[in-house]
$ cat input-v6.cif   # mmCIF, C-alpha atoms
data_query
#
loop_
_atom_site.group_PDB
_atom_site.id
_atom_site.type_symbol
_atom_site.label_atom_id
_atom_site.label_comp_id
_atom_site.auth_asym_id
_atom_site.auth_seq_id
_atom_site.Cartn_x
_atom_site.Cartn_y
_atom_site.Cartn_z
ATOM 1 C CA MET N 1346 20.257 8.404 0.477
ATOM 2 C CA LEU N 1347 16.985 7.925 2.322
ATOM 3 C CA ILE N 1348 16.651 9.143 5.928
ATOM 4 C CA LYS N 1349 13.515 8.324 7.915
ATOM 5 C CA ASN N 1350 12.523 8.852 11.531
ATOM 6 C CA ILE N 1351 11.480 5.391 12.723
ATOM 7 C CA LEU N 1352 9.382 6.675 15.633
ATOM 8 C CA THR N 1353 7.477 9.051 13.320
ATOM 9 C CA GLU N 1354 6.873 6.211 10.849
ATOM 10 C CA LEU N 1355 5.554 3.940 13.601
ATOM 11 C CA ALA N 1356 3.302 6.685 15.023
ATOM 12 C CA ALA N 1357 1.697 7.161 11.594
ATOM 13 C CA HIS N 1358 0.458 3.534 11.443
ATOM 14 C CA PRO N 1359 -1.760 1.371 13.642
ATOM 15 C CA GLN N 1360 0.017 -0.547 16.397
ATOM 16 C CA GLY N 1361 0.970 -4.022 15.185
ATOM 17 C CA SER N 1362 1.771 -2.860 11.644
ATOM 18 C CA PHE N 1363 4.948 -4.319 10.195
ATOM 19 C CA LEU N 1364 6.517 -1.523 8.154
ATOM 20 C CA ASP N 1365 9.148 -1.727 5.432
ATOM 21 C CA VAL N 1366 11.137 1.321 6.472
ATOM 22 C CA VAL N 1367 14.185 1.532 4.207
ATOM 23 C CA PRO N 1368 15.552 -0.688 1.431
ATOM 24 C CA PHE N 1369 18.704 -2.682 2.202
ATOM 25 C CA ASN N 1370 20.516 -4.971 -0.283
ATOM 26 C CA GLY N 1371 17.331 -5.773 -2.186
ATOM 27 C CA LYS N 1372 15.322 -6.345 1.000
ATOM 28 C CA HIS N 1373 13.956 -3.963 3.654
ATOM 29 C CA VAL N 1374 14.747 -2.998 7.204
ATOM 30 C CA GLY N 1375 11.431 -3.254 8.998
ATOM 31 C CA ALA N 1376 9.937 -1.733 12.128
ATOM 32 C CA CYS N 1377 7.010 -2.609 14.361
ATOM 33 C CA ASP N 1378 5.249 -1.378 17.490
ATOM 34 C CA ILE N 1379 3.547 -4.287 19.271
ATOM 35 C CA THR N 1380 1.912 -5.163 22.544
ATOM 36 C CA GLY N 1381 1.158 -8.804 23.303
ATOM 37 C CA VAL N 1382 2.422 -12.240 22.342
ATOM 38 C CA SER N 1383 2.594 -13.583 18.804
ATOM 39 C CA PRO N 1384 -0.057 -16.266 18.204
ATOM 40 C CA VAL N 1385 2.351 -18.211 15.961
ATOM 41 C CA TRP N 1386 5.895 -19.529 15.885
ATOM 42 C CA GLU N 1387 8.134 -18.418 13.043
ATOM 43 C CA MET N 1388 11.338 -19.682 11.507
ATOM 44 C CA HIS N 1389 13.629 -18.536 8.698
ATOM 45 C CA PRO N 1390 15.128 -21.549 6.900
ATOM 46 C CA ASP N 1391 17.663 -19.600 4.847
ATOM 47 C CA THR N 1392 18.747 -16.626 6.981
ATOM 48 C CA ASP N 1393 19.396 -15.204 10.435
ATOM 49 C CA GLU N 1394 17.059 -12.464 11.698
ATOM 50 C CA LEU N 1395 18.366 -9.262 13.314
ATOM 51 C CA PHE N 1396 16.482 -7.234 15.948
ATOM 52 C CA TYR N 1397 17.215 -3.843 17.530
ATOM 53 C CA ILE N 1398 14.922 -2.780 20.372
ATOM 54 C CA LEU N 1399 14.053 0.924 20.223
ATOM 55 C CA GLU N 1400 11.641 1.226 23.165
ATOM 56 C CA GLY N 1401 10.165 -1.008 25.838
ATOM 57 C CA GLU N 1402 11.079 -4.579 26.612
ATOM 58 C CA PHE N 1403 11.008 -7.290 23.953
ATOM 59 C CA GLU N 1404 10.829 -11.003 24.690
ATOM 60 C CA MET N 1405 11.852 -13.894 22.491
ATOM 61 C CA THR N 1406 11.232 -17.595 23.083
ATOM 62 C CA LEU N 1407 13.499 -19.925 21.106
ATOM 63 C CA LEU N 1408 12.987 -23.627 20.410
ATOM 64 C CA GLN N 1409 16.370 -25.300 20.092
ATOM 65 C CA ASP N 1410 17.362 -28.346 22.165
ATOM 66 C CA ASP N 1411 14.975 -26.984 24.765
ATOM 67 C CA GLU N 1412 12.770 -23.911 25.078
ATOM 68 C CA THR N 1413 14.604 -20.756 26.185
ATOM 69 C CA HIS N 1414 13.132 -17.377 27.016
ATOM 70 C CA HIS N 1415 15.087 -14.131 26.574
ATOM 71 C CA VAL N 1416 14.264 -10.549 27.565
ATOM 72 C CA ALA N 1417 15.835 -7.628 25.681
ATOM 73 C CA PRO N 1418 15.440 -4.081 27.038
ATOM 74 C CA ALA N 1419 15.523 -0.931 24.904
ATOM 75 C CA GLY N 1420 18.930 -0.464 23.291
ATOM 76 C CA SER N 1421 19.504 -4.216 22.865
ATOM 77 C CA VAL N 1422 20.451 -5.893 19.629
ATOM 78 C CA PHE N 1423 20.318 -9.638 18.973
ATOM 79 C CA VAL N 1424 20.212 -12.226 16.213
ATOM 80 C CA VAL N 1425 17.881 -15.226 15.991
ATOM 81 C CA PRO N 1426 19.906 -17.923 14.191
ATOM 82 C CA GLN N 1427 18.815 -19.388 10.882
ATOM 83 C CA GLY N 1428 16.452 -22.341 11.217
ATOM 84 C CA VAL N 1429 15.459 -21.710 14.869
ATOM 85 C CA TRP N 1430 11.754 -21.569 15.676
ATOM 86 C CA HIS N 1431 10.973 -18.477 17.726
ATOM 87 C CA LYS N 1432 8.010 -16.575 19.153
ATOM 88 C CA PRO N 1433 8.236 -12.822 19.803
ATOM 89 C CA ALA N 1434 6.366 -11.040 22.578
ATOM 90 C CA ALA N 1435 6.070 -7.630 24.186
ATOM 91 C CA PRO N 1436 3.475 -7.932 26.974
ATOM 92 C CA ASN N 1437 3.967 -4.270 27.971
ATOM 93 C CA GLY N 1438 4.677 -2.955 24.480
ATOM 94 C CA SER N 1439 7.839 -2.516 22.433
ATOM 95 C CA LYS N 1440 9.076 -0.752 19.314
ATOM 96 C CA PHE N 1441 11.792 -2.470 17.321
ATOM 97 C CA LEU N 1442 13.674 -2.694 14.044
ATOM 98 C CA TYR N 1443 14.234 -5.999 12.309
ATOM 99 C CA LEU N 1444 16.003 -7.341 9.243
ATOM 100 C CA THR N 1445 14.838 -10.648 7.791
ATOM 101 C CA PRO N 1446 16.574 -11.061 4.437
ATOM 102 C CA GLY N 1447 15.080 -14.485 3.659
ATOM 103 C CA ARG N 1448 11.885 -16.509 3.784
ATOM 104 C CA SER N 1449 9.612 -16.770 6.821
ATOM 105 C CA VAL N 1450 7.710 -19.912 7.796
ATOM 106 C CA HIS N 1451 4.919 -19.799 10.397
ATOM 107 C CA SER N 1452 3.296 -22.487 12.541
ATOM 108 C CA GLU N 1453 0.388 -22.537 14.966
ATOM 109 C CA ALA N 1454 1.533 -25.890 16.399
ATOM 110 C CA ARG N 1455 2.338 -26.096 20.098
ATOM 111 C CA ASP N 1456 5.834 -27.262 19.123
ATOM 112 C CA PRO N 1457 6.516 -26.815 15.386
ATOM 113 C CA ARG N 1458 9.599 -29.076 15.601
ATOM 114 C CA VAL N 1459 7.323 -32.084 16.172
ATOM 115 C CA SER N 1460 5.315 -33.440 13.260
ATOM 116 C CA ASP N 1461 1.798 -34.668 14.030
#

$ encode --input "input-v6.cif" --output "structure tokens"
Amino acid sequence: MLIKNILTELAAHPQGSFLDVVPFNGKHVGACDITGVSPVWEMHPDTDELFYILEGEFEMTLLQDDETHHVAPAGSVFVVPQGVWHKPAAPNGSKFLYLTPGRSVHSEARDPRVSD
């Protein structure tokens, strides 16, 4: 069994690093310490994505029927559903765990649901 201190792991790497912290069912539980807004949208066509907020406040914008904005304080857990475009942000900084067991697709488009 592998035991790691997430906060120690994050402190040992530059802010914005996406770390594979521990293996889980052939994938990894990841962690990150970010400040700012992602420059790209992302989507996972074959899986949900799980988040647990360790510190700070984490924001997530989802593109479904319309654009929705959610704020998750420290201690929150949430799931972004499979196939939903989303953009993470932490304007004042946040540390979080995530589990993305499938593929990730990224887009710099203003609205990645609309083809040019």

$ closest_residue --input "input-v6.cif" --among "N:Leu1347, N:Phe1396, N:Gln1360, N:Ser1439" --to "Gly1375 (chain N)" --atoms "only C-alpha atoms"
N:Phe1396

$ resolve_selection --input "input-v6.cif" --expression "the PyMOL selection byres ((chain N and resi 1389) around 6)" --output "ChimeraX atom specification"
/N:1388,1390-1392,1427-1428,1448-1449

$ resolve_selection --input "input-v6.cif" --expression "the PyMOL selection byres ((chain N and resi 1361) around 6)" --output "VMD selection string"
chain N and resid 1360 1362 1378 to 1379

$ resolve_selection --input "input-v6.cif" --expression "the PyMOL selection byres ((chain N and resi 1355) around 12)" --output "list in words"
Lys1349, Asn1350, Ile1351, Leu1352, Thr1353, Glu1354, Ala1356, Ala1357, His1358, Pro1359, Gln1360, Gly1361, Ser1362, Phe1363, Leu1364, Asp1365, Val1366, Gly1375, Ala1376, Cys1377, Asp1378, Ile1379, Leu1399, Glu1400, Ser1439, Lys1440, Phe1441 and Leu1442 of chain N

$ residues_around --input "input-v6.cif" --residues "Val1422 (chain N)" --least-positions-apart "2" --cutoff "7 Å" --atoms "all atoms listed in the file" --output "PDB file with C-alpha atoms, in the frame of the given file"
ATOM      1  CA  PHE N1396      16.482  -7.234  15.948  1.00  0.00           C
ATOM      2  CA  TYR N1397      17.215  -3.843  17.530  1.00  0.00           C
ATOM      3  CA  ILE N1398      14.922  -2.780  20.372  1.00  0.00           C
ATOM      4  CA  GLY N1420      18.930  -0.464  23.291  1.00  0.00           C
TER       5      GLY N1420
END

$ closest_residue --input "input-v6.cif" --among "N:Ala1417, N:Val1385, N:Met1346, N:Val1374" --to "His1451 (chain N)" --atoms "all atoms listed in the file"
N:Val1385

$ closest_residue --input "input-v6.cif" --among "N:His1414, N:Val1382, N:Leu1408, N:Val1367" --to "Pro1457 (chain N)" --atoms "all atoms listed in the file"
N:Leu1408

$ closest_residue --input "input-v6.cif" --among "N:Ser1383, N:Ser1460, N:Thr1445, N:Asn1437" --to "Glu1402 (chain N)" --atoms "only C-alpha atoms"
N:Asn1437

$ residues_around --input "input-v6.cif" --residues "Trp1386 (chain N)" --least-positions-apart "5" --cutoff "10 Å" --atoms "only C-alpha atoms" --output "JSON, numbers by chain"
{"N": [1406, 1407, 1408, 1429, 1430, 1431, 1432, 1433, 1450, 1451, 1452, 1453, 1454, 1455, 1456, 1457]}

$ closest_residue --input "input-v6.cif" --among "N:Ser1421, N:His1373, N:Gly1438, N:His1415" --to "Gly1401 (chain N)" --atoms "only C-alpha atoms"
N:Gly1438

$ atom_distance --input "input-v6.cif" --atom1 "CA of Glu1404 (chain N)" --atom2 "CA of Lys1372 (chain N)"
24.6 Å

$ atom_distance --input "input-v6.cif" --atom1 "CA of Val1416 (chain N)" --atom2 "CA of Ala1434 (chain N)"
9.4 Å

$ closest_residue --input "input-v6.cif" --among "N:Pro1436, N:Pro1426, N:Gly1371, N:Pro1418" --to "Glu1387 (chain N)" --atoms "all atoms listed in the file"
N:Pro1426

$ build_atoms --input "input-v6.cif" --residues "region 1384-1419 of chain N" --atoms "N, CA and C atoms" --output "compact mmCIF listing (two decimals), in the coordinates of the input"
# COMPACT_ATOMS: atom_id res chain seq x y z
N PRO N 1384 0.73 -15.03 18.14
CA PRO N 1384 -0.06 -16.27 18.20
C PRO N 1384 0.61 -17.43 17.47
N VAL N 1385 1.69 -17.16 16.75
CA VAL N 1385 2.35 -18.21 15.96
C VAL N 1385 3.86 -18.22 16.20
N TRP N 1386 4.44 -19.39 15.93
CA TRP N 1386 5.90 -19.53 15.88
C TRP N 1386 6.34 -19.14 14.49
N GLU N 1387 7.58 -18.68 14.37
CA GLU N 1387 8.13 -18.42 13.04
C GLU N 1387 9.56 -18.93 12.98
N MET N 1388 10.01 -19.16 11.74
CA MET N 1388 11.34 -19.68 11.51
C MET N 1388 11.77 -19.21 10.12
N HIS N 1389 13.07 -19.00 9.97
CA HIS N 1389 13.63 -18.54 8.70
C HIS N 1389 14.66 -19.56 8.24
N PRO N 1390 14.27 -20.42 7.28
CA PRO N 1390 15.13 -21.55 6.90
C PRO N 1390 16.42 -21.16 6.19
N ASP N 1391 16.49 -19.95 5.65
CA ASP N 1391 17.66 -19.60 4.85
C ASP N 1391 18.39 -18.35 5.32
N THR N 1392 18.08 -17.85 6.53
CA THR N 1392 18.75 -16.63 6.98
C THR N 1392 18.62 -16.45 8.49
N ASP N 1393 19.54 -15.69 9.06
CA ASP N 1393 19.40 -15.20 10.44
C ASP N 1393 18.41 -14.04 10.41
N GLU N 1394 17.93 -13.63 11.59
CA GLU N 1394 17.06 -12.46 11.70
C GLU N 1394 17.63 -11.54 12.77
N LEU N 1395 17.78 -10.26 12.43
CA LEU N 1395 18.37 -9.26 13.31
C LEU N 1395 17.27 -8.40 13.94
N PHE N 1396 17.40 -8.11 15.23
CA PHE N 1396 16.48 -7.23 15.95
C PHE N 1396 17.26 -6.15 16.68
N TYR N 1397 16.70 -4.93 16.69
CA TYR N 1397 17.22 -3.84 17.53
C TYR N 1397 16.01 -3.24 18.25
N ILE N 1398 16.05 -3.23 19.58
CA ILE N 1398 14.92 -2.78 20.37
C ILE N 1398 15.04 -1.28 20.61
N LEU N 1399 14.06 -0.53 20.11
CA LEU N 1399 14.05 0.92 20.22
C LEU N 1399 13.49 1.39 21.56
N GLU N 1400 12.33 0.83 21.94
CA GLU N 1400 11.64 1.23 23.16
C GLU N 1400 11.01 0.00 23.81
N GLY N 1401 10.85 0.06 25.12
CA GLY N 1401 10.16 -1.01 25.84
C GLY N 1401 11.04 -2.22 26.04
N GLU N 1402 10.39 -3.31 26.36
CA GLU N 1402 11.08 -4.58 26.61
C GLU N 1402 10.51 -5.62 25.66
N PHE N 1403 11.40 -6.32 24.97
CA PHE N 1403 11.01 -7.29 23.95
C PHE N 1403 11.42 -8.67 24.44
N GLU N 1404 10.55 -9.64 24.26
CA GLU N 1404 10.83 -11.00 24.69
C GLU N 1404 10.88 -11.93 23.49
N MET N 1405 11.75 -12.93 23.57
CA MET N 1405 11.85 -13.89 22.49
C MET N 1405 12.01 -15.29 23.09
N THR N 1406 11.12 -16.20 22.69
CA THR N 1406 11.23 -17.60 23.08
C THR N 1406 11.79 -18.36 21.90
N LEU N 1407 12.84 -19.13 22.15
CA LEU N 1407 13.50 -19.92 21.11
C LEU N 1407 13.28 -21.41 21.38
N LEU N 1408 13.07 -22.17 20.32
CA LEU N 1408 12.99 -23.63 20.41
C LEU N 1408 14.24 -24.20 19.76
N GLN N 1409 15.18 -24.63 20.59
CA GLN N 1409 16.37 -25.30 20.09
C GLN N 1409 16.37 -26.68 20.72
N ASP N 1410 17.40 -27.06 21.46
CA ASP N 1410 17.36 -28.35 22.16
C ASP N 1410 16.25 -28.33 23.20
N ASP N 1411 16.08 -27.19 23.84
CA ASP N 1411 14.98 -26.98 24.76
C ASP N 1411 14.40 -25.60 24.50
N GLU N 1412 13.40 -25.22 25.26
CA GLU N 1412 12.77 -23.91 25.08
C GLU N 1412 13.47 -22.90 25.98
N THR N 1413 13.95 -21.80 25.39
CA THR N 1413 14.60 -20.76 26.18
C THR N 1413 13.88 -19.43 25.97
N HIS N 1414 13.83 -18.66 27.04
CA HIS N 1414 13.13 -17.38 27.02
C HIS N 1414 14.14 -16.26 27.30
N HIS N 1415 14.14 -15.24 26.45
CA HIS N 1415 15.09 -14.13 26.57
C HIS N 1415 14.33 -12.82 26.65
N VAL N 1416 14.86 -11.88 27.44
CA VAL N 1416 14.26 -10.55 27.56
C VAL N 1416 15.31 -9.52 27.14
N ALA N 1417 14.93 -8.64 26.22
CA ALA N 1417 15.84 -7.63 25.68
C ALA N 1417 15.25 -6.24 25.95
N PRO N 1418 15.92 -5.44 26.79
CA PRO N 1418 15.44 -4.08 27.04
C PRO N 1418 15.79 -3.13 25.89
N ALA N 1419 15.22 -1.95 25.91
CA ALA N 1419 15.52 -0.93 24.90
C ALA N 1419 17.03 -0.74 24.79
